[in-house]
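Structure data follow from protein05.cif (mmCIF, C-alpha atoms and all ligand atoms):
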data_query
#
loop_
_atom_site.label_atom_id
_atom_site.label_comp_id
_atom_site.auth_asym_id
_atom_site.auth_seq_id
_atom_site.Cartn_x
_atom_site.Cartn_y
_atom_site.Cartn_z
CA MET R 1 88.04 130.92 110.82
CA LEU R 2 84.25 130.95 111.06
CA PHE R 3 82.08 129.94 108.13
CA ASN R 4 78.33 130.41 108.08
CA TRP R 5 77.44 127.00 106.73
CA GLU R 6 73.96 125.69 107.31
CA PHE R 7 73.31 121.99 107.72
CA PRO R 8 70.19 119.84 107.46
CA PRO R 9 68.34 119.35 110.79
CA ARG R 10 69.66 115.81 111.28
CA TYR R 11 73.31 116.65 110.53
CA TYR R 12 74.41 117.15 114.14
CA SER R 13 72.45 114.20 115.56
CA GLN R 14 73.90 111.96 112.85
CA SER R 15 77.40 113.30 113.51
CA LEU R 16 76.94 112.55 117.20
CA ASP R 17 75.50 109.05 116.63
CA VAL R 18 78.33 108.05 114.33
CA LEU R 19 80.97 109.36 116.73
CA GLU R 20 79.46 107.69 119.80
CA THR R 21 78.91 104.37 118.03
CA SER R 22 82.41 104.43 116.56
CA ILE R 23 84.40 105.10 119.69
CA ASN R 24 82.25 102.77 121.82
CA GLN R 25 81.45 99.88 119.47
CA VAL R 26 83.84 99.89 116.52
CA THR R 27 87.29 98.48 117.30
CA ALA R 28 89.23 100.71 114.87
CA TYR R 29 88.10 103.78 116.83
CA HIS R 30 88.55 102.53 120.40
CA PRO R 31 91.99 104.22 120.69
CA TRP R 32 90.33 107.55 119.84
CA ARG R 33 88.56 107.58 123.23
CA THR R 34 91.66 109.07 124.81
CA CYS R 35 91.35 112.09 122.47
CA ASP R 36 87.66 112.67 123.24
CA PRO R 37 87.06 115.77 125.40
CA GLY R 38 83.72 114.19 126.40
CA ARG R 39 79.97 114.46 126.03
CA ASP R 40 79.70 117.87 127.63
CA HIS R 41 81.53 119.35 124.61
CA PRO R 42 79.88 120.31 121.31
CA VAL R 43 80.09 117.61 118.66
CA ASP R 44 82.25 119.77 116.35
CA VAL R 45 84.81 120.21 119.12
CA ARG R 46 84.85 116.46 119.72
CA TYR R 47 85.39 115.71 116.03
CA THR R 48 88.18 118.28 115.80
CA ALA R 49 89.98 116.59 118.70
CA MET R 50 90.05 113.23 116.91
CA PRO R 51 92.80 111.99 114.57
CA ALA R 52 92.31 111.25 110.86
CA LEU R 53 91.53 107.76 109.54
CA THR R 54 94.02 106.56 106.91
CA LYS R 55 93.97 103.74 104.37
CA ILE R 56 96.50 101.94 106.54
CA ASN R 57 94.08 102.13 109.52
CA ILE R 58 91.38 100.62 107.28
CA ARG R 59 93.69 97.83 106.16
CA ASP R 60 94.81 97.06 109.72
CA ASN R 61 91.24 96.82 111.03
CA PHE R 62 89.59 95.14 108.07
CA PRO R 63 86.83 93.98 108.15
CA ASP R 64 85.50 93.34 111.67
CA GLY R 65 87.18 96.40 113.21
CA LEU R 66 85.15 98.73 110.98
CA VAL R 67 81.64 97.59 111.88
CA PRO R 68 79.85 97.92 115.23
CA ALA R 69 79.81 94.97 117.63
CA GLY R 70 77.04 92.52 116.74
CA HIS R 71 77.39 92.96 112.97
CA ASP R 72 78.53 89.67 111.42
CA VAL R 73 80.49 90.59 108.28
CA ARG R 74 80.91 86.99 107.08
CA ARG R 75 77.22 86.22 107.30
CA ALA R 76 76.34 89.44 105.46
CA LEU R 77 78.87 88.59 102.74
CA GLU R 78 77.36 85.11 102.37
CA SER R 79 73.82 86.47 102.14
CA GLY R 80 74.93 89.05 99.57
CA GLU R 81 73.87 91.99 101.70
CA ILE R 82 77.38 93.37 101.30
CA GLY R 83 80.40 92.68 99.08
CA LEU R 84 84.05 93.59 98.89
CA THR R 85 85.86 95.91 96.52
CA SER R 86 89.55 96.66 96.14
CA THR R 87 91.45 99.77 95.19
CA SER R 88 95.03 99.34 94.05
CA GLY R 89 97.98 101.09 92.49
CA SER R 90 101.71 101.33 93.03
CA SER R 91 101.50 105.00 94.06
CA ASP R 92 98.91 104.25 96.69
CA VAL R 93 98.16 101.91 99.57
CA SER R 94 96.17 98.94 98.31
CA VAL R 95 92.96 98.59 100.31
CA THR R 96 89.93 96.32 100.31
CA ASN R 97 86.66 98.02 101.24
CA ILE R 98 83.30 96.74 102.40
CA TRP R 99 80.83 97.47 99.61
CA ASN R 100 77.20 98.19 100.44
CA GLN R 101 75.43 98.66 97.10
CA GLU R 102 72.15 99.81 98.62
CA TRP R 103 73.91 102.52 100.60
CA TRP R 104 76.04 103.53 97.61
CA ASP R 105 72.96 103.95 95.40
CA ALA R 106 71.21 106.00 98.08
CA SER R 107 74.28 108.24 98.45
CA GLU R 108 74.34 108.75 94.68
CA ARG R 109 70.60 109.55 94.55
CA ALA R 110 71.05 112.19 97.26
CA SER R 111 73.91 113.77 95.27
CA TRP R 112 71.66 114.18 92.22
CA LYS R 113 69.57 116.71 94.13
CA LEU R 114 72.59 119.03 94.14
CA ASN R 115 72.54 119.58 90.37
CA SER R 116 69.32 120.60 88.64
CA TYR R 117 70.11 118.68 85.43
CA ALA R 118 70.90 115.51 87.37
CA SER R 119 67.80 115.86 89.53
CA LYS R 120 65.64 116.23 86.41
CA LEU R 121 67.27 113.50 84.27
CA ALA R 122 68.41 110.84 86.73
CA THR R 123 65.52 108.58 87.64
CA GLY R 124 67.57 105.65 88.89
CA ASN R 125 66.65 103.58 85.83
CA HIS R 126 67.88 105.96 83.14
CA PRO R 127 70.32 104.56 80.55
CA GLU R 128 73.86 105.56 81.46
CA ALA R 129 77.04 105.08 79.46
CA ILE R 130 80.31 104.89 81.37
CA LEU R 131 83.65 105.80 79.85
CA ALA R 132 86.14 104.69 82.48
CA ASN R 133 89.16 102.53 82.98
CA PRO R 134 87.90 98.93 83.50
CA LEU R 135 90.39 98.68 86.38
CA ASN R 136 88.04 101.10 88.19
CA VAL R 137 84.67 99.90 86.87
CA GLY R 138 83.43 97.59 84.10
CA PHE R 139 84.97 94.61 82.32
CA VAL R 140 88.69 94.20 81.52
CA SER R 141 89.61 92.69 78.14
CA ASP R 142 92.90 93.93 76.74
CA ASN R 143 93.51 91.39 73.98
CA LEU R 144 90.01 90.64 72.75
CA ASP R 145 87.45 93.33 71.86
CA LEU R 146 84.23 92.65 73.76
CA PRO R 147 80.95 93.06 71.84
CA MET R 148 78.47 95.61 73.18
CA ASP R 149 76.22 93.05 74.92
CA LYS R 150 79.20 91.77 76.92
CA ARG R 151 79.75 95.29 78.32
CA ARG R 152 76.21 95.80 79.64
CA ALA R 153 75.12 95.59 83.29
CA SER R 154 71.56 96.57 84.24
CA ARG R 155 71.07 100.16 82.97
CA PHE R 156 74.77 100.70 82.23
CA LEU R 157 76.90 100.40 79.12
CA PHE R 158 80.67 100.34 79.64
CA LEU R 159 82.23 101.90 76.55
CA ASN R 160 85.81 100.81 77.26
CA GLU R 161 87.37 97.46 78.22
CA LYS R 162 91.05 98.44 77.72
CA THR R 163 93.27 99.21 80.69
CA ASP R 164 95.67 101.49 78.76
CA PRO R 165 93.89 104.19 76.71
CA ALA R 166 97.22 104.95 74.98
CA THR R 167 96.53 101.73 72.99
CA TRP R 168 93.06 102.77 71.77
CA SER R 169 92.79 102.27 68.00
CA SER R 170 90.72 104.51 65.74
CA GLU R 171 88.35 101.52 65.22
CA LEU R 172 87.81 101.32 68.97
CA MET R 173 87.03 105.04 69.26
CA ASP R 174 84.69 104.81 66.24
CA ARG R 175 82.96 101.94 68.04
CA MET R 176 82.49 104.10 71.16
CA ILE R 177 81.00 106.90 69.07
CA SER R 178 78.59 104.57 67.27
CA GLU R 179 77.56 102.86 70.52
CA LEU R 180 76.68 106.25 72.04
CA GLU R 181 74.41 106.79 69.03
CA ILE R 182 72.77 103.36 69.46
CA PHE R 183 72.48 103.40 73.26
CA LYS R 184 71.47 107.08 73.57
CA PRO R 185 72.48 107.50 77.21
CA VAL R 186 70.64 110.11 79.25
CA ILE R 187 73.83 110.54 81.28
CA LEU R 188 77.41 109.90 80.22
CA GLU R 189 79.63 109.27 83.21
CA ALA R 190 83.27 109.72 82.34
CA ASN R 191 86.81 109.70 83.55
CA PRO R 192 87.99 113.10 82.22
CA SER R 193 91.27 111.85 80.69
CA LEU R 194 89.45 109.19 78.72
CA LEU R 195 86.66 111.47 77.59
CA ALA R 196 89.22 114.09 76.52
CA LYS R 197 91.02 111.49 74.43
CA LEU R 198 87.79 110.46 72.70
CA CYS R 199 86.95 114.14 72.13
CA ARG R 200 90.36 114.85 70.55
CA TYR R 201 89.78 111.98 68.15
CA ALA R 202 86.20 113.02 67.31
CA ALA R 203 87.20 116.66 66.76
CA GLU R 204 90.21 115.78 64.63
CA HIS R 205 88.21 113.39 62.43
CA LYS R 206 85.07 115.56 62.41
CA ARG R 207 82.86 112.81 63.83
CA GLU R 208 79.39 113.78 65.03
CA VAL R 209 78.86 112.53 68.57
CA PHE R 210 75.52 111.80 70.29
CA GLN R 211 74.77 114.48 72.91
CA PRO R 212 73.61 113.04 76.27
CA GLY R 213 71.50 115.16 78.63
CA LEU R 214 74.36 115.51 81.10
CA ILE R 215 78.01 114.53 81.38
CA VAL R 216 79.14 113.61 84.90
CA LEU R 217 82.89 113.62 85.48
CA THR R 218 84.33 111.36 88.13
CA TYR R 219 87.40 109.20 89.04
CA GLU R 220 89.92 111.98 88.35
CA TYR R 221 90.59 115.71 88.54
CA PRO R 222 89.39 117.32 85.26
CA THR R 223 91.93 119.84 83.93
CA LYS R 224 91.16 123.02 81.98
CA LEU R 225 92.74 121.30 79.00
CA HIS R 226 90.20 118.50 79.32
CA TYR R 227 87.32 121.00 79.35
CA LYS R 228 88.65 122.71 76.19
CA GLN R 229 88.68 119.33 74.47
CA PHE R 230 85.17 118.38 75.70
CA ARG R 231 83.77 121.65 74.41
CA LYS R 232 84.94 120.93 70.86
CA VAL R 233 82.54 117.98 70.80
CA PHE R 234 79.86 118.33 73.49
CA ASP R 235 77.46 121.21 73.94
CA VAL R 236 75.69 119.82 77.03
CA PRO R 237 75.92 120.51 80.78
CA ILE R 238 78.95 118.99 82.50
CA ALA R 239 79.02 118.33 86.26
CA ASN R 240 81.94 117.16 88.35
CA SER R 241 80.96 114.58 90.97
CA TYR R 242 83.45 114.18 93.80
CA GLY R 243 83.62 111.08 95.98
CA THR R 244 85.65 108.00 96.81
CA THR R 245 85.08 104.26 97.14
CA GLU R 246 85.35 104.59 100.94
CA THR R 247 83.06 107.60 101.36
CA GLY R 248 80.48 107.46 98.56
CA TYR R 249 79.34 110.75 97.02
CA VAL R 250 80.77 113.73 98.93
CA PHE R 251 80.40 116.84 96.73
CA MET R 252 78.42 117.51 93.57
CA GLN R 253 78.94 120.46 91.25
CA CYS R 254 75.72 122.38 90.68
CA GLU R 255 74.59 124.04 87.46
CA GLU R 256 76.32 127.26 88.59
CA GLY R 257 79.68 125.50 88.86
CA LYS R 258 80.12 125.45 92.64
CA PHE R 259 80.31 122.25 94.71
CA HIS R 260 77.71 121.35 97.34
CA GLN R 261 78.24 118.87 100.14
CA ASN R 262 76.11 115.72 100.06
CA SER R 263 75.28 116.44 103.68
CA GLU R 264 72.52 113.82 104.02
CA PHE R 265 75.21 111.16 103.56
CA CYS R 266 78.41 112.57 104.96
CA ARG R 267 80.01 114.94 107.37
CA VAL R 268 83.03 116.93 106.13
CA ASP R 269 85.68 118.43 108.41
CA PHE R 270 87.88 121.09 106.81
CA GLN R 271 91.50 121.67 107.83
CA PRO R 272 92.98 124.82 106.26
CA LEU R 273 96.52 125.09 104.96
CA LYS R 274 98.84 127.63 106.56
CA SER R 275 98.40 131.04 104.93
CA GLU R 276 101.89 130.89 103.38
CA HIS R 277 100.82 127.68 101.61
CA GLY R 278 97.47 128.87 100.27
CA GLY R 279 95.22 128.87 103.37
CA PRO R 280 92.83 129.63 104.93
CA PHE R 281 90.35 128.89 102.14
CA VAL R 282 92.35 126.01 100.66
CA GLY R 283 92.76 122.92 102.76
CA ARG R 284 92.31 119.23 103.36
CA ILE R 285 88.99 117.49 104.02
CA LEU R 286 88.23 114.58 106.31
CA VAL R 287 85.03 112.70 105.51
CA THR R 288 82.68 110.82 107.87
CA THR R 289 79.91 108.71 106.33
CA PHE R 290 76.30 108.56 107.54
CA ASN R 291 73.68 105.81 107.24
CA ASN R 292 75.97 102.89 106.40
CA PRO R 293 75.55 100.22 109.10
CA TRP R 294 78.17 98.03 107.41
CA TYR R 295 81.15 100.38 107.26
CA TYR R 296 82.10 103.03 109.78
CA ILE R 297 84.30 105.60 108.08
CA VAL R 298 85.09 108.51 110.41
CA ARG R 299 87.34 111.45 109.53
CA PHE R 300 88.76 109.58 106.57
CA ASP R 301 91.63 111.41 104.92
CA VAL R 302 90.53 111.34 101.27
CA ARG R 303 93.83 113.03 100.44
CA ASP R 304 92.39 115.80 98.35
CA LEU R 305 92.59 119.56 98.70
CA VAL R 306 89.56 121.78 98.23
CA HIS R 307 88.88 125.50 97.98
CA ILE R 308 86.12 126.73 100.31
CA ASP R 309 83.84 129.20 98.56
CA GLU R 310 84.73 132.58 99.98
CA GLU R 311 81.23 134.05 99.59
CA GLY R 312 79.70 131.02 101.30
CA LYS R 313 76.66 131.09 99.05
CA CYS R 314 75.75 130.04 95.54
CA PRO R 315 73.45 131.62 92.94
CA CYS R 316 71.64 128.24 92.67
CA GLY R 317 70.18 128.91 96.12
CA ARG R 318 71.28 125.63 97.73
CA ASN R 319 72.59 126.44 101.18
CA SER R 320 72.75 123.09 102.93
CA GLY R 321 76.29 122.04 103.81
CA ILE R 322 79.74 123.21 102.82
CA ILE R 323 80.08 125.06 99.51
CA LEU R 324 83.33 124.81 97.55
CA SER R 325 84.43 127.03 94.72
CA ALA R 326 86.74 124.25 93.51
CA VAL R 327 88.27 120.88 94.17
CA GLU R 328 92.00 121.66 94.05
CA GLY R 329 93.29 118.17 93.27
CA ARG R 330 94.94 115.19 94.95
CA ILE R 331 97.46 115.85 97.71
CA ILE R 332 99.72 113.44 95.84
CA SER R 333 99.49 115.86 92.88
CA ALA R 334 100.69 118.85 94.88
CA THR R 335 104.18 120.16 94.13
CA LEU R 336 106.54 122.71 95.70
CA THR R 337 108.10 125.91 94.44
CA CYS R 338 111.88 126.33 94.73
CA GLU R 339 111.19 128.26 97.94
CA GLY R 340 109.11 125.39 99.30
CA LYS R 341 105.60 126.84 98.93
CA LEU R 342 102.89 124.27 98.22
CA VAL R 343 101.38 124.43 94.70
CA THR R 344 98.06 122.65 94.22
CA LEU R 345 97.21 120.82 91.02
CA SER R 346 94.61 123.49 90.30
CA GLU R 347 97.26 126.25 90.46
CA LEU R 348 99.56 124.31 88.13
CA ASP R 349 96.64 123.64 85.80
CA ASP R 350 95.72 127.35 85.74
CA ALA R 351 99.29 128.19 84.73
CA LEU R 352 99.50 125.59 81.94
CA SER R 353 95.96 126.09 80.61
CA VAL R 354 97.04 129.04 78.44
CA LEU R 355 99.27 126.79 76.30
CA ASP R 356 97.86 126.17 72.85
CA GLY R 357 97.98 122.89 71.00
CA VAL R 358 98.70 120.63 73.98
CA ASP R 359 96.84 117.30 74.11
CA GLU R 360 98.07 116.04 77.48
CA TYR R 361 100.62 116.94 80.13
CA ARG R 362 102.23 115.47 83.23
CA LEU R 363 104.55 117.33 85.56
CA GLU R 364 107.08 115.48 87.71
CA GLN R 365 109.07 117.32 90.32
CA LEU R 366 112.33 115.38 90.70
CA SER R 367 113.84 117.40 93.54
CA GLY R 368 113.58 120.81 95.19
CA LYS R 369 114.32 122.69 91.98
CA ALA R 370 114.08 120.23 89.06
CA TYR R 371 110.84 119.78 87.13
CA ASP R 372 110.14 117.50 84.12
CA LEU R 373 107.15 118.44 82.02
CA HIS R 374 105.94 115.63 79.75
CA LEU R 375 103.89 116.94 76.85
CA VAL R 376 101.84 115.38 74.08
CA SER R 377 101.38 117.90 71.29
CA GLN R 378 100.80 117.96 67.54
CA ARG R 379 102.42 121.39 67.27
CA PRO R 380 105.31 121.47 64.76
CA ASP R 381 107.06 124.41 66.49
CA ARG R 382 108.33 122.45 69.48
CA SER R 383 111.14 124.81 70.38
CA ILE R 384 108.65 127.67 70.75
CA LEU R 385 106.28 125.47 72.78
CA THR R 386 109.19 124.39 74.99
CA GLU R 387 110.07 128.02 75.60
CA GLU R 388 106.44 128.99 76.37
CA ALA R 389 105.98 126.08 78.80
CA SER R 390 109.31 126.70 80.55
CA LYS R 391 108.49 130.35 81.05
CA LEU R 392 105.10 129.54 82.60
CA LEU R 393 106.63 126.99 84.98
CA LYS R 394 109.47 129.28 86.00
CA LYS R 395 106.93 131.97 86.82
CA LEU R 396 105.02 129.48 89.00
CA TYR R 397 107.94 127.66 90.65
CA GLY R 398 110.61 130.35 90.74
CA LYS R 399 113.50 131.70 88.66
CA GLU R 400 115.84 129.09 90.15
CA SER R 401 113.80 126.19 88.79
CA LYS R 402 115.31 123.87 86.19
CA VAL R 403 112.59 122.87 83.74
CA SER R 404 112.96 120.09 81.16
CA VAL R 405 110.25 119.60 78.55
CA ILE R 406 109.96 116.04 77.26
CA TYR R 407 107.73 115.13 74.32
CA GLU R 408 105.71 111.90 74.32
CA ASP R 409 103.44 110.24 71.74
CA ALA R 410 100.82 109.50 74.40
CA LEU R 411 100.62 109.27 78.19
CA SER R 412 99.44 106.15 80.01
CA PRO R 413 97.62 105.93 83.34
CA GLU R 414 99.18 104.68 86.58
CA ASP R 415 98.65 101.09 87.76
CA SER R 416 95.51 102.33 89.53
CA GLY R 417 93.90 103.04 86.15
CA LYS R 418 93.96 106.78 86.86
CA TYR R 419 96.25 109.35 85.30
CA SER R 420 98.79 111.28 87.29
CA VAL R 421 98.81 114.89 86.07
CA ALA R 422 101.44 116.03 88.56
CA LYS R 423 103.53 114.49 91.28
CA THR R 424 106.74 114.82 93.25
CA LEU R 425 109.25 111.97 93.22
CA PHE R 426 109.81 112.66 96.92
CA HIS R 427 107.35 112.47 99.80
CA ILE R 428 105.45 115.55 100.95
CA ASN R 429 104.07 115.29 104.48
CA ILE R 430 100.91 117.37 104.19
CA GLU R 431 100.53 117.62 107.99
CA LYS R 432 103.45 120.07 107.94
CA TYR R 433 101.52 122.42 105.67
CA LEU R 434 98.25 122.43 107.65
CA ASP R 435 97.43 125.32 109.92
ZN ZN R 501 75.08 125.93 93.58
#
Would you mind writing the file's structure down as structure tokens?
Ligand SMILES: [Zn+2]
Amino acid sequence: MLFNWEFPPRYYSQSLDVLETSINQVTAYHPWRTCDPGRDHPVDVRYTAMPALTKINIRDNFPDGLVPAGHDVRRALESGEIGLTSTSGSSDVSVTNIWNQEWWDASERASWKLNSYASKLATGNHPEAILANPLNVGFVSDNLDLPMDKRRASRFLFLNEKTDPATWSSELMDRMISELEIFKPVILEANPSLLAKLCRYAAEHKREVFQPGLIVLTYEYPTKLHYKQFRKVFDVPIANSYGTTETGYVFMQCEEGKFHQNSEFCRVDFQPLKSEHGGPFVGRILVTTFNNPWYYIVRFDVRDLVHIDEEGKCPCGRNSGIILSAVEGRIISATLTCEGKLVTLSELDDALSVLDGVDEYRLEQLSGKAYDLHLVSQRPDRSILTEEASKLLKKLYGKESKVSVIYEDALSPEDSGKYSVAKTLFHINIEKYLD
């Protein structure tokens, strides 16, 4: 498949530099030399011939195997030029990453250019409130409530210090609402599950909420249900920012709703799914970072699926890099129909988004044909809701599917601090589904 993407002038020279440096000077990539067709081949062909980098590869080569020869990681850690950061969670491989704050900030600044509200409002010293799980960012304090000044760091205010949002009290949510009013953030950066929970509370109790200039969603896949709940409270632009700890900022949603590649800071290789599993426009992405001398991340499998924009252009006029119509969700959130066809989180979310009166959901596929749907709902007519939900899932997964609907008071995040919206209780090897 040929796409007519345009890239900034330096994109190919940066791609080439990173590849050459990695296979020649960075230990983790030395074994890749045997895959390299050589310098007389175009850089895209050389990248395509290389394997993917996994979290396990990062862990096995950490830290010296991920920086070029001559870079002394220990000395840079001592001088504070770099730091370390860990990602964890029982459903995922626990990995420590090299953290280069200067590079991270520069990657974020470049991503702002891809959304006109962000480029106008984000100055780099604008006040920003963050509603996230403190396991991901901020300060953890589960037993004691931290006062506002203990949740500040430079221009940021962290609105939440609790690791399980299912335990949020109404006092805590009232505190968040009043702190937004006091702090008046220009940008509110939010984990969508947490923001949706605050919005449900504010809407139900008719609380007025301060309106920031822009809401930036990150950390998780935002569902259509989340957006419905945001819109009951916020009448401001919302942009989804896609990235990972390893790769920095990779895609930013523009004001027209499409996603643009942060191509000054990363290369993205797209691998389509087989057509019977949703390809060729839906597929996996492998991300290579640019400009970070302290961490060489090449063809990193971020384990997300994306939907390439089929028109290949956007009404906003930005035409530099890959354009997506959607991020389809985590690979770990993909499920299978009874016939074995891959269903992305986005497809599941489309199917369930027509349900009324649902606060939260989580789908678990137990086996080839058994699906448990966990629902949080205030609706009194549960038997009707159960019937509606079962019908939607049977349509998506097949007539043979056995659907159980289980009602919960609230859902809690995984150990990683992030919510799982869908998962299989068995392993799916995504390589089998790629074209
Ligand atoms: Zn656009």
query = So which residues are near ligand ZN 501 (chain R), meaning at most 6 Å away with all atoms listed in the file counted, given back as a VMD selection string?
reply = chain R and resid 254 256 258 314 to 316 318
key: Nearest-residue call for Asp64 (chain R), choices R:Lys394, R:Phe281, R:Tyr296, R:Trp5, using all atoms listed in the file   =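 Selected residue with least distance to Asp64 (chain R): R:Tyr296.
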query = Taking only C-alpha atoms into account, which of R:Phe62, R:Tyr11, R:Tyr117, R:Tyr407 comes nearest Val43 (chain R)?
reply = R:Tyr11
key: Surrounding residues of Ile187 (chain R) excluding itself and chain neighbours under 4 positions, 7 Å, only C-alpha atoms, as a PyMOL selection string   = chain R and resi 127-129+212-215
task = Give me the residues within 8 Å of Leu352 (chain R) as a PyMOL selection string, counting all atoms listed in the file and dropping any in the same chain fewer than 4 places off.
result = chain R and resi 348+389+392-393
Can those selected residues be exported to a file as a tab-separated table (two decimals), keeping the file's coordinate frame so that it contains C-alpha atoms?
chain	number	residue	atom	x	y	z
R	348	LEU	CA	99.56	124.31	88.13
R	389	ALA	CA	105.98	126.08	78.80
R	392	LEU	CA	105.10	129.54	82.60
R	393	LEU	CA	106.63	126.99	84.98
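In terms of minimum interatomic distance to Asn136 (chain R), R:Ala190 ranks closest within R:Ala153, R:Met148, R:Ala190, R:Ala239, counting only C-alpha atoms.
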inquiry  = Counting all atoms listed in the file, find residues at most 12 Å from (70.7, 106.4, 84.6) (file frame) and give them as a PyMOL selection string.
reply    = chain R and resi 105+108-109+112+118-130+153-157+183-189+212-216
key: Two-atom distance - CA of Pro42 (chain R), CA of Asp304 (chain R) (Å)   =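 Between these atoms lies a distance of 26.5 Å.
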As lines of an AutoDock Vina configuration file, what would the box around region 135-138 of chain R look like: edges along x, y and z, 8 Å added on every side, centre and edge lengths in Å to one decimal?
center_x = 86.9
center_y = 99.3
center_z = 86.1
size_x = 23.0
size_y = 19.5
size_z = 20.1
task = Pick out the residues sitting within 7 Å of Ala166 (chain R), and hand them over as an MDAnalysis selection string; count only C-alpha atoms, and ignore anything fewer than 6 positions along from it in its own chain.
result = chainID R and resid 410:412
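Around Val302 (chain R), within 8 Å and counting only C-alpha atoms, the residues found are Thr244, Ile285, Leu286 and Val287 of chain R, once anything fewer than 5 positions away on its own chain is removed.
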